[in-house]
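S.K.: Got input_33.pdb for you, PDB, C-alpha atoms and all ligand atoms:
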ATOM      1  CA  MET R   4      97.055 148.607  53.211
ATOM      2  CA  TYR R   5      95.216 148.907  49.887
ATOM      3  CA  PHE R   6      94.365 152.229  48.278
ATOM      4  CA  GLY R   7      92.079 150.964  45.499
ATOM      5  CA  LYS R   8      88.780 150.796  47.354
ATOM      6  CA  ALA R   9      87.055 151.589  50.632
ATOM      7  CA  LYS R  10      87.278 148.874  53.268
ATOM      8  CA  GLU R  11      84.390 146.397  53.204
ATOM      9  CA  PRO R  12      83.364 143.909  55.853
ATOM     10  CA  HIS R  13      84.200 140.275  55.097
ATOM     11  CA  LYS R  14      81.395 138.687  53.134
ATOM     12  CA  GLY R  15      80.361 135.464  54.814
ATOM     13  CA  GLY R  16      83.908 134.986  56.034
ATOM     14  CA  ARG R  17      85.120 133.602  52.708
ATOM     15  CA  ILE R  18      86.194 136.759  50.909
ATOM     16  CA  PRO R  19      89.326 138.423  52.285
ATOM     17  CA  PRO R  20      89.242 142.196  52.833
ATOM     18  CA  ASN R  21      88.871 144.361  49.708
ATOM     19  CA  GLN R  22      88.333 141.403  47.362
ATOM     20  CA  ASN R  23      85.301 140.824  45.101
ATOM     21  CA  ALA R  24      84.034 137.421  44.000
ATOM     22  CA  THR R  25      83.857 136.682  40.276
ATOM     23  CA  THR R  26      82.552 133.597  38.504
ATOM     24  CA  LYS R  27      84.878 134.281  35.565
ATOM     25  CA  PHE R  28      88.393 132.877  35.503
ATOM     26  CA  PRO R  29      90.581 135.838  34.539
ATOM     27  CA  VAL R  30      93.983 135.170  32.974
ATOM     28  CA  LEU R  31      96.868 137.126  34.469
ATOM     29  CA  HIS R  32     100.575 136.816  33.854
ATOM     30  CA  ALA R  33     103.725 138.479  32.616
ATOM     31  CA  GLY R  34     105.312 137.197  29.404
ATOM     32  CA  ASN R  35     104.162 134.599  26.888
ATOM     33  CA  VAL R  36     102.013 131.500  27.167
ATOM     34  CA  PRO R  37     104.192 128.449  26.475
ATOM     35  CA  HIS R  38     102.798 125.621  24.360
ATOM     36  CA  TYR R  39     103.755 121.971  24.686
ATOM     37  CA  PRO R  40     102.595 119.998  21.687
ATOM     38  CA  ASP R  41     104.913 117.278  22.991
ATOM     39  CA  LEU R  42     104.962 116.741  26.770
ATOM     40  CA  SER R  43     108.155 114.693  26.516
ATOM     41  CA  LYS R  44     109.938 118.073  26.290
ATOM     42  CA  TRP R  45     108.571 119.057  29.710
ATOM     43  CA  ASN R  46     110.083 118.167  33.073
ATOM     44  CA  LEU R  47     110.040 119.325  36.669
ATOM     45  CA  GLN R  48     113.227 119.781  38.650
ATOM     46  CA  LEU R  49     113.378 119.463  42.470
ATOM     47  CA  TYR R  50     116.714 120.799  43.655
ATOM     48  CA  GLY R  51     118.685 123.006  46.019
ATOM     49  CA  LEU R  52     119.011 122.022  49.677
ATOM     50  CA  VAL R  53     117.869 118.428  49.205
ATOM     51  CA  LYS R  54     119.812 115.170  49.516
ATOM     52  CA  ASN R  55     118.233 113.568  46.433
ATOM     53  CA  PRO R  56     117.487 116.080  43.671
ATOM     54  CA  LYS R  57     114.946 114.830  41.132
ATOM     55  CA  LEU R  58     114.020 115.464  37.527
ATOM     56  CA  LEU R  59     110.436 114.305  36.963
ATOM     57  CA  THR R  60     108.638 113.734  33.692
ATOM     58  CA  PHE R  61     104.910 114.386  33.398
ATOM     59  CA  ASP R  62     104.367 110.631  33.433
ATOM     60  CA  ASP R  63     106.364 110.335  36.695
ATOM     61  CA  LEU R  64     104.082 112.961  38.177
ATOM     62  CA  LEU R  65     100.985 110.915  37.337
ATOM     63  CA  HIS R  66     102.485 108.000  39.291
ATOM     64  CA  TYR R  67     102.482 110.001  42.541
ATOM     65  CA  PRO R  68      99.370 109.875  44.735
ATOM     66  CA  GLN R  69      96.746 112.098  43.075
ATOM     67  CA  SER R  70      94.651 114.455  45.180
ATOM     68  CA  SER R  71      91.571 116.531  44.444
ATOM     69  CA  VAL R  72      90.758 119.626  46.471
ATOM     70  CA  THR R  73      88.285 122.496  46.264
ATOM     71  CA  ASN R  74      89.322 125.978  47.318
ATOM     72  CA  ASP R  75      89.026 129.717  46.783
ATOM     73  CA  ILE R  76      91.631 131.803  44.971
ATOM     74  CA  HIS R  77      92.351 135.447  45.657
ATOM     75  CA  CYS R  78      94.214 137.616  43.149
ATOM     76  CA  VAL R  79      95.991 140.655  44.513
ATOM     77  CA  THR R  80      94.291 142.796  41.842
ATOM     78  CA  GLY R  81      91.014 142.291  43.744
ATOM     79  CA  TRP R  82      89.134 139.315  42.289
ATOM     80  CA  SER R  83      88.395 136.103  44.142
ATOM     81  CA  ARG R  84      87.057 132.939  42.536
ATOM     82  CA  LEU R  85      85.286 130.547  44.886
ATOM     83  CA  ASP R  86      85.010 126.752  44.732
ATOM     84  CA  ASN R  87      87.752 125.832  42.288
ATOM     85  CA  GLY R  88      88.222 122.110  41.899
ATOM     86  CA  TRP R  89      91.855 121.165  41.412
ATOM     87  CA  SER R  90      93.552 117.807  40.906
ATOM     88  CA  GLY R  91      97.217 117.000  41.007
ATOM     89  CA  VAL R  92      99.938 116.077  43.480
ATOM     90  CA  LYS R  93     100.142 117.611  46.933
ATOM     91  CA  THR R  94     103.445 119.348  47.563
ATOM     92  CA  LYS R  95     103.911 117.232  50.683
ATOM     93  CA  ASP R  96     103.690 114.126  48.489
ATOM     94  CA  ILE R  97     106.053 115.392  45.778
ATOM     95  CA  VAL R  98     108.829 116.023  48.334
ATOM     96  CA  LYS R  99     108.731 112.474  49.764
ATOM     97  CA  GLY R 100     112.151 110.896  49.387
ATOM     98  CA  ILE R 101     114.041 114.012  48.295
ATOM     99  CA  GLY R 102     115.493 114.559  51.785
ATOM    100  CA  ILE R 103     114.900 118.243  52.415
ATOM    101  CA  MET R 104     117.810 119.502  54.508
ATOM    102  CA  PRO R 105     117.074 121.264  57.816
ATOM    103  CA  GLU R 106     118.646 124.501  56.469
ATOM    104  CA  ALA R 107     115.958 124.739  53.774
ATOM    105  CA  LYS R 108     113.573 127.438  54.998
ATOM    106  CA  TYR R 109     112.270 128.867  51.715
ATOM    107  CA  VAL R 110     111.220 127.700  48.296
ATOM    108  CA  LEU R 111     111.637 129.511  44.993
ATOM    109  CA  LEU R 112     109.236 128.319  42.296
ATOM    110  CA  HIS R 113     110.621 128.564  38.754
ATOM    111  CA  ALA R 114     108.336 128.889  35.755
ATOM    112  CA  GLU R 115     108.943 129.274  32.016
ATOM    113  CA  GLU R 116     110.817 132.381  30.859
ATOM    114  CA  GLY R 117     112.592 132.733  34.197
ATOM    115  CA  TRP R 118     109.462 133.829  36.075
ATOM    116  CA  THR R 119     109.721 133.030  39.811
ATOM    117  CA  SER R 120     107.783 133.326  43.061
ATOM    118  CA  ASN R 121     108.998 132.772  46.610
ATOM    119  CA  VAL R 122     107.263 131.207  49.600
ATOM    120  CA  SER R 123     108.297 129.912  53.012
ATOM    121  CA  ILE R 124     108.752 126.162  53.294
ATOM    122  CA  GLU R 125     105.714 126.028  55.621
ATOM    123  CA  ASP R 126     103.532 127.720  52.993
ATOM    124  CA  PHE R 127     104.901 125.461  50.271
ATOM    125  CA  LEU R 128     104.282 122.288  52.282
ATOM    126  CA  ALA R 129     100.884 123.394  53.653
ATOM    127  CA  GLU R 130      98.211 120.682  53.598
ATOM    128  CA  THR R 131      96.327 122.732  50.975
ATOM    129  CA  SER R 132      99.287 123.337  48.618
ATOM    130  CA  LEU R 133      98.995 121.405  45.369
ATOM    131  CA  LEU R 134     100.786 120.983  42.061
ATOM    132  CA  ALA R 135      97.753 120.954  39.796
ATOM    133  CA  HIS R 136      97.282 119.600  36.272
ATOM    134  CA  THR R 137      93.475 119.804  36.309
ATOM    135  CA  HIS R 138      90.957 122.584  37.070
ATOM    136  CA  ASP R 139      87.213 121.900  37.459
ATOM    137  CA  GLY R 140      87.627 118.484  35.867
ATOM    138  CA  GLU R 141      89.548 119.595  32.765
ATOM    139  CA  ARG R 142      93.265 119.584  32.043
ATOM    140  CA  LEU R 143      94.663 123.104  32.529
ATOM    141  CA  THR R 144      94.415 125.275  29.458
ATOM    142  CA  PRO R 145      97.691 126.796  28.192
ATOM    143  CA  GLU R 146      96.639 130.213  29.587
ATOM    144  CA  HIS R 147      96.051 128.802  33.079
ATOM    145  CA  GLY R 148      99.375 126.970  33.323
ATOM    146  CA  TYR R 149      99.331 123.737  31.291
ATOM    147  CA  PRO R 150     100.774 121.258  32.012
ATOM    148  CA  LEU R 151     101.398 122.006  35.689
ATOM    149  CA  ARG R 152     100.919 124.913  38.045
ATOM    150  CA  ALA R 153     101.264 125.516  41.760
ATOM    151  CA  VAL R 154      98.064 126.203  43.710
ATOM    152  CA  MET R 155      98.620 127.662  47.172
ATOM    153  CA  PRO R 156      95.160 129.044  47.901
ATOM    154  CA  HIS R 157      95.992 130.458  51.342
ATOM    155  CA  LEU R 158      98.265 133.046  49.651
ATOM    156  CA  TYR R 159      97.454 135.645  46.984
ATOM    157  CA  PHE R 160      97.308 133.853  43.668
ATOM    158  CA  TRP R 161     100.424 135.489  42.244
ATOM    159  CA  LYS R 162     102.466 133.023  44.350
ATOM    160  CA  SER R 163     100.867 130.130  42.443
ATOM    161  CA  ALA R 164     103.305 129.776  39.542
ATOM    162  CA  LYS R 165     101.830 128.665  36.225
ATOM    163  CA  TRP R 166     104.013 126.609  33.809
ATOM    164  CA  LEU R 167     106.012 125.309  36.754
ATOM    165  CA  ARG R 168     109.415 123.816  35.886
ATOM    166  CA  GLY R 169     111.510 124.005  39.044
ATOM    167  CA  ILE R 170     111.206 123.870  42.813
ATOM    168  CA  GLN R 171     114.322 125.166  44.538
ATOM    169  CA  PHE R 172     114.921 124.732  48.274
ATOM    170  CA  LEU R 173     116.892 127.595  49.833
ATOM    171  CA  SER R 174     118.131 128.781  53.222
ATOM    172  CA  ASN R 175     117.335 132.435  52.430
ATOM    173  CA  ASN R 176     114.208 134.128  51.141
ATOM    174  CA  HIS R 177     114.947 135.193  47.530
ATOM    175  CA  PRO R 178     112.360 137.611  46.121
ATOM    176  CA  GLY R 179     110.571 136.317  43.027
ATOM    177  CA  PHE R 180     109.441 138.242  39.944
ATOM    178  CA  TRP R 181     106.598 140.276  41.519
ATOM    179  CA  GLU R 182     108.294 140.407  44.914
ATOM    180  CA  LYS R 183     111.244 142.223  43.279
ATOM    181  CA  ASN R 184     108.660 144.664  41.920
ATOM    182  CA  GLY R 185     107.207 145.624  45.295
ATOM    183  CA  TYR R 186     104.864 142.737  46.082
ATOM    184  CA  HIS R 187     104.874 141.209  49.545
ATOM    185  CA  MET R 188     107.311 138.429  50.486
ATOM    186  CA  ASN R 189     104.508 136.432  52.243
ATOM    187  CA  GLY R 190     101.240 137.470  50.535
ATOM    188  CA  ASP R 191      98.563 136.415  53.048
ATOM    189  CA  PRO R 192      95.236 137.770  51.667
ATOM    190  CA  TRP R 193      93.593 137.734  55.132
ATOM    191  CA  LYS R 194      96.292 140.120  56.374
ATOM    192  CA  GLU R 195      96.225 142.073  53.081
ATOM    193  CA  GLU R 196      99.932 141.473  52.536
ATOM    194  CA  ARG R 197      99.787 142.951  49.037
ATOM    195  CA  PHE R 198     102.846 145.158  48.796
ATOM    196  CA  SER R 199     106.162 145.135  50.628
ATOM    197  CA  PHE R 200     105.162 148.306  52.531
ATOM    198  CA  ASP R 201     101.874 146.760  53.786
TER     199      ASP R 201
HETATM  200  N1  LIG Y 301     104.541 131.630  35.427
HETATM  201  C1  LIG Y 301     103.711 132.559  35.892
HETATM  202  N2  LIG Y 301     102.829 132.220  36.838
HETATM  203  C2  LIG Y 301     101.970 133.136  37.332
HETATM  204  C3  LIG Y 301     102.003 134.473  36.884
HETATM  205  C4  LIG Y 301     102.956 134.830  35.895
HETATM  206  O1  LIG Y 301     103.066 135.979  35.466
HETATM  207  N3  LIG Y 301     103.788 133.832  35.412
HETATM  208  N4  LIG Y 301     101.103 135.377  37.392
HETATM  209  C5  LIG Y 301     100.499 135.066  38.699
HETATM  210  C6  LIG Y 301      99.350 135.916  38.967
HETATM  211  S1  LIG Y 301      99.651 137.543  39.289
HETATM  212  C7  LIG Y 301      98.087 135.399  39.088
HETATM  213  S2  LIG Y 301      96.781 136.328  39.667
HETATM  214  C8  LIG Y 301      97.778 134.013  38.699
HETATM  215  C9  LIG Y 301      96.696 134.025  37.659
HETATM  216  O2  LIG Y 301      96.360 132.725  37.304
HETATM  217  P1  LIG Y 301      95.278 132.531  36.160
HETATM  218  O3  LIG Y 301      95.768 133.277  34.947
HETATM  219  O4  LIG Y 301      95.180 131.062  35.973
HETATM  220  O5  LIG Y 301      94.007 133.131  36.706
HETATM  221  O6  LIG Y 301      98.913 133.344  38.158
HETATM  222  C10 LIG Y 301     100.112 133.594  38.832
HETATM  223  N5  LIG Y 301     101.095 132.736  38.283
HETATM  224 MO    MO Y 302      97.662 138.337  40.303
END
Take the structure in this file and express it as structure tokens.

M.R.:
Amino acid sequence: MYFGKAKEPHKGGRIPPNQNATTKFPVLHAGNVPHYPDLSKWNLQLYGLVKNPKLLTFDDLLHYPQSSVTNDIHCVTGWSRLDNGWSGVKTKDIVKGIGIMPEAKYVLLHAEEGWTSNVSIEDFLAETSLLAHTHDGERLTPEHGYPLRAVMPHLYFWKSAKWLRGIQFLSNNHPGFWEKNGYHMNGDPWKEERFSFD
């Protein structure tokens, strides 16, 4: 349920209920924008319920298969941005060789400053889920998550952690930053899973 606006019919089937398309790219986050003048200080940790934990540098990441996808993003505050071009590494490619254990059912994404978001392992490994370094042909700007962000377009955009630093595989569903503050554990925009009471 969403109290902000009257219900509208889906527009052309691409805009989830009670969302409005914008051509702008709003910037939304809690906390500060990190800056990396030197990418050698950045790394990405894959850990938790995996047989082979990994610590990847940005250069390692560029040696994985690179994918480009176009998709629509839907922010829980009501804006949707259509036709975003993203490039990076698909989540299903980044997990190759880490040996995810069968008990791993959830993923907690860790960003700078301790910010987190939680998703099911199916949502994390969805065909459309990407770890992106590029948006519409340009490297991410600091505000939009440089050097690496998650993009899971089938969920509200708050799940898509900017400034990603860790991917933790867990047996239980740990609420992330917004989820602890009343946002939905799943966050499917087509079902309007905005708040935990929806
Ligand atoms: N690390 C981090 N990632 C985050 C957030 C945040 O506060 N911190 N906010 C989320 C929210 S609520 C949204 S809508 C999108 C916004 O991404 P954008 O600023 O690139 O549009 O980032 C998501 N990722
Ligand atoms: Mo958001």

S.K.: Applied to the shown file, which residues does the PyMOL selection byres (((chain R and resi 138) around 10) and not hetatm) return, written as an MDAnalysis selection string?

M.R.: chainID R and resid 71:73 87:91 135:137 139:144 147

S.K.: Applied to this file, what does the PyMOL selection byres (((not hetatm)) within 12 of (chain Y and resi 302)) return in terms of residues, put as a CSV table (one decimal) with C-alpha atoms, in the coordinates of the input?

M.R.:
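And here's selection-v6.csv as it stands now:
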chain,number,residue,atom,x,y,z
R,28,PHE,CA,88.4,132.9,35.5
R,29,PRO,CA,90.6,135.8,34.5
R,30,VAL,CA,94.0,135.2,33.0
R,31,LEU,CA,96.9,137.1,34.5
R,32,HIS,CA,100.6,136.8,33.9
R,33,ALA,CA,103.7,138.5,32.6
R,76,ILE,CA,91.6,131.8,45.0
R,77,HIS,CA,92.4,135.4,45.7
R,78,CYS,CA,94.2,137.6,43.1
R,79,VAL,CA,96.0,140.7,44.5
R,80,THR,CA,94.3,142.8,41.8
R,81,GLY,CA,91.0,142.3,43.7
R,82,TRP,CA,89.1,139.3,42.3
R,83,SER,CA,88.4,136.1,44.1
R,120,SER,CA,107.8,133.3,43.1
R,158,LEU,CA,98.3,133.0,49.7
R,159,TYR,CA,97.5,135.6,47.0
R,160,PHE,CA,97.3,133.9,43.7
R,161,TRP,CA,100.4,135.5,42.2
R,162,LYS,CA,102.5,133.0,44.4
R,163,SER,CA,100.9,130.1,42.4
R,164,ALA,CA,103.3,129.8,39.5
R,165,LYS,CA,101.8,128.7,36.2
R,180,PHE,CA,109.4,138.2,39.9
R,181,TRP,CA,106.6,140.3,41.5
R,182,GLU,CA,108.3,140.4,44.9
R,186,TYR,CA,104.9,142.7,46.1
R,190,GLY,CA,101.2,137.5,50.5
R,192,PRO,CA,95.2,137.8,51.7
R,197,ARG,CA,99.8,143.0,49.0

S.K.: Just say which residues the PyMOL selection byres (((chain R and resi 121) around 12) and not hetatm) picks in this file, as a ChimeraX atom specification.

M.R.: /R:108-114,118-120,122-127,153,155,158-159,161-164,169-183,186-190

S.K.: Quick one: axis-aligned box around all listed atoms of ligand LIG 301 (chain Y), 3 Å on every side, centre and edge lengths in Å to one decimal, written as AutoDock Vina command-line options.

M.R.:
--center_x 99.3 --center_y 134.3 --center_z 37.3 --size_x 16.5 --size_y 12.5 --size_z 10.7

S.K.: Which residue gives the smallest distance to ligand LIG 301 (chain Y) among R:Thr60, R:Thr131, R:Asn35, R:Ser199, with only C-alpha atoms and all ligand atoms counted?

M.R.: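 Smallest distance to ligand LIG 301 (chain Y) is found for R:Asn35.
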
S.K.: What is the CA of Val92 (chain R)-CA of Ser70 (chain R) distance in Å, reported with one decimal?

M.R.: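 Here the two named atoms are 5.8 Å from each other.
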